[in-house]
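Worksheet for the structure shown next.
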Amino acid sequence: MALEGSLRDFDLFSLFNMIKTQGKSGTLVLSRGQEFVKIFFDQGDIVGCDSNQVRMEDRVGAMLVRLGRLSGDELLGMIQKQRQTLKRMGSLLLESGKVSSQDLQDALFNQAMSIIYRTFRWIEGDYRFDSMLPLDLDRENFPPIPVDTVLMEAARIMDEWPEVQRRLPDNHVPLKKTDKALSLRLDIDQELSSVFEGRPSMNPKGSGLSHEQETVLTYFSEPQSIQSVIQITRYDELDTCKVVAELMGAGLLEISQEGGGRVTLPTWGLPMEAQPIPQEPASPSPLFWPLVGILVLVPIFTYVPRTRSSVNQGLASLQPSDARTGLDRTTHDRRAWAFRMAAPVDGGAALADELGTPLEESKNPIPDFTKSPDTLLMAPEVPVAPEAKP
């Protein structure tokens, strides 16, 4: 029997604890609107995760690009080969020798945790747990994850996330480097140039930024939104947002007024979940209801038709009809018979006028049979015998 309900009544912390304590095996489906996340459990441990927003294997490829294990072109080649061979992305990556087994495990772990931690920020949604596990789980490259590990990190994220989110604009608002950031010489840029030129690095003062801050700042060579940076950075979502907030606080990033919110993603970039910001609906203009009243009252008092020829056929139905539907000959005769039988004296003319259906002729065309002799009272004719012939 499936276990299901609302996340408002049974939060994820309690749900995960119950699955761990009872050592359950099955699939937990979390849904919110058109989005759903599947988390697979085996004897209380997490053994897989997936989302309908982007396939897990595609996310893993993007994660390896972020970690510097693959280039964007190499990932595109892997995706094309996967479509042709229908093999797992993990198997193709291992066969190519581009990544090690440990690199793949780390990428799967980081991506699964990123999906799971995001669900802990859901305010509402539904859950359903079935004791069914898919047979094609990648158990070789996805070692079981204890639930306690997930809950401890989720608690930390839930504690820190509101403060970080308060310091940031909407995830889809483009940010750009300030003049201060453009004039700053980053340590990682100077180290690379010294390597290419074959000379020792000489930067006694330094930029004053951490390696994480310099790395995230390099992503803003063009105006980018926080959401697009999350897709290309090698750090998780919370740490990336914390660094962006620090850079904005240091005056190195600011909201860009150019581009109308459109940002450029790498060709291997994959869509991630957008965090909708609740917005109050705009109140109607003070002139709205007066205009509605005018639009309703003007046709009533001005364009009410007086004849059937009015162009306003809707309101014409409210007026008395001045047209009469003609009757066929059979119906006409039957009605005349009915009036004649009901009132033989005047042929039913008075009754017809009283009912609002006057006779078309001046008098009823059906004759008054009461004035005709009654054939039942008439003496029968005696047949005359033929005369005999001589």
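Each chain in the structure tokens gets a letter, A, B and so on, in the order shown; residues start at 1 in every chain, and ligands are counted from 1 in the order they appear.
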
Name all residues at most 10 Å from Phe16 in chain A (count only C-alpha atoms; drop same-chain ones fewer than 3 positions away) and give them as a PyMOL selection string. chain A and resi 11-13+19-21+28+41+44-46+147-148+150-151

Deliver the residues from the most recent selection as a file, using N, CA and C atoms, as a PDB file, in the first residue's frame.
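After the write, selection-v3.pdb holds the following:
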ATOM      1  N   ASP A  11       6.514  16.929   6.880  1.00  0.00           N
ATOM      2  CA  ASP A  11       7.658  17.541   6.215  1.00  0.00           C
ATOM      3  C   ASP A  11       8.696  16.496   5.831  1.00  0.00           C
ATOM      4  N   LEU A  12       9.668  16.920   5.015  1.00  0.00           N
ATOM      5  CA  LEU A  12      10.656  15.991   4.481  1.00  0.00           C
ATOM      6  C   LEU A  12      11.565  15.425   5.567  1.00  0.00           C
ATOM      7  N   PHE A  13      11.903  16.222   6.585  1.00  0.00           N
ATOM      8  CA  PHE A  13      12.749  15.698   7.657  1.00  0.00           C
ATOM      9  C   PHE A  13      12.087  14.495   8.333  1.00  0.00           C
ATOM     10  N   ILE A  19      11.601   6.719   6.863  1.00  0.00           N
ATOM     11  CA  ILE A  19      12.134   5.729   5.920  1.00  0.00           C
ATOM     12  C   ILE A  19      13.427   5.109   6.452  1.00  0.00           C
ATOM     13  N   LYS A  20      14.279   5.944   7.066  1.00  0.00           N
ATOM     14  CA  LYS A  20      15.536   5.426   7.615  1.00  0.00           C
ATOM     15  C   LYS A  20      15.278   4.511   8.806  1.00  0.00           C
ATOM     16  N   THR A  21      14.414   4.928   9.723  1.00  0.00           N
ATOM     17  CA  THR A  21      14.167   4.151  10.931  1.00  0.00           C
ATOM     18  C   THR A  21      13.551   2.800  10.611  1.00  0.00           C
ATOM     19  N   LEU A  28      10.457   7.265  -3.486  1.00  0.00           N
ATOM     20  CA  LEU A  28       9.759   8.428  -2.946  1.00  0.00           C
ATOM     21  C   LEU A  28       9.638   9.455  -4.064  1.00  0.00           C
ATOM     22  N   PHE A  41      15.291   4.511  -2.407  1.00  0.00           N
ATOM     23  CA  PHE A  41      15.804   4.032  -1.131  1.00  0.00           C
ATOM     24  C   PHE A  41      15.952   2.515  -1.173  1.00  0.00           C
ATOM     25  N   GLY A  44      16.580   1.817   3.682  1.00  0.00           N
ATOM     26  CA  GLY A  44      16.755   3.061   4.409  1.00  0.00           C
ATOM     27  C   GLY A  44      17.848   3.969   3.914  1.00  0.00           C
ATOM     28  N   ASP A  45      18.658   3.546   2.937  1.00  0.00           N
ATOM     29  CA  ASP A  45      19.723   4.375   2.378  1.00  0.00           C
ATOM     30  C   ASP A  45      19.327   4.856   0.983  1.00  0.00           C
ATOM     31  N   ILE A  46      19.840   6.017   0.602  1.00  0.00           N
ATOM     32  CA  ILE A  46      19.557   6.580  -0.720  1.00  0.00           C
ATOM     33  C   ILE A  46      20.488   5.938  -1.741  1.00  0.00           C
ATOM     34  N   VAL A 147      21.004   8.410   5.195  1.00  0.00           N
ATOM     35  CA  VAL A 147      20.030   9.491   5.312  1.00  0.00           C
ATOM     36  C   VAL A 147      20.489  10.535   6.319  1.00  0.00           C
ATOM     37  N   ASP A 148      21.184  10.109   7.365  1.00  0.00           N
ATOM     38  CA  ASP A 148      21.658  11.067   8.377  1.00  0.00           C
ATOM     39  C   ASP A 148      22.570  12.120   7.755  1.00  0.00           C
ATOM     40  N   VAL A 150      22.435  13.280   4.720  1.00  0.00           N
ATOM     41  CA  VAL A 150      21.593  14.216   3.968  1.00  0.00           C
ATOM     42  C   VAL A 150      20.872  15.168   4.916  1.00  0.00           C
ATOM     43  N   LEU A 151      20.326  14.659   6.004  1.00  0.00           N
ATOM     44  CA  LEU A 151      19.555  15.496   6.917  1.00  0.00           C
ATOM     45  C   LEU A 151      20.426  16.537   7.608  1.00  0.00           C
TER      46      LEU A 151
END

Have a look at CA of Leu184 in chain A and CA of Ile230 in chain A and let me know their distance in Å, one decimal. 23.1 Å

Considering only C-alpha atoms, can you say which of A:Thr119, A:Ser71, A:Asn17, A:Gln213 comes closest to Leu30 in chain A? A:Thr119

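For Ser225 in chain A, the list of residues within 6 Å, based on only C-alpha atoms and with local chain neighbours fewer than 6 positions off taken out, reads His172, Val173, Pro174 and Leu175 of chain A.
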
Output N, CA and C atoms of each residue in that selection to a file, as an mmCIF file, in the first residue's frame.
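Saved the output as out_6.cif:
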data_model
loop_
_atom_site.group_PDB
_atom_site.id
_atom_site.type_symbol
_atom_site.label_atom_id
_atom_site.label_comp_id
_atom_site.auth_asym_id
_atom_site.auth_seq_id
_atom_site.Cartn_x
_atom_site.Cartn_y
_atom_site.Cartn_z
ATOM 1 N N HIS A 172 17.032 35.417 -11.813
ATOM 2 C CA HIS A 172 17.070 35.649 -13.258
ATOM 3 C C HIS A 172 17.440 37.088 -13.617
ATOM 4 N N VAL A 173 17.772 37.900 -12.623
ATOM 5 C CA VAL A 173 18.210 39.271 -12.877
ATOM 6 C C VAL A 173 19.690 39.245 -13.264
ATOM 7 N N PRO A 174 20.076 39.830 -14.410
ATOM 8 C CA PRO A 174 21.485 39.787 -14.823
ATOM 9 C C PRO A 174 22.360 40.684 -13.951
ATOM 10 N N LEU A 175 23.536 40.182 -13.622
ATOM 11 C CA LEU A 175 24.536 40.935 -12.868
ATOM 12 C C LEU A 175 25.768 41.147 -13.748
#
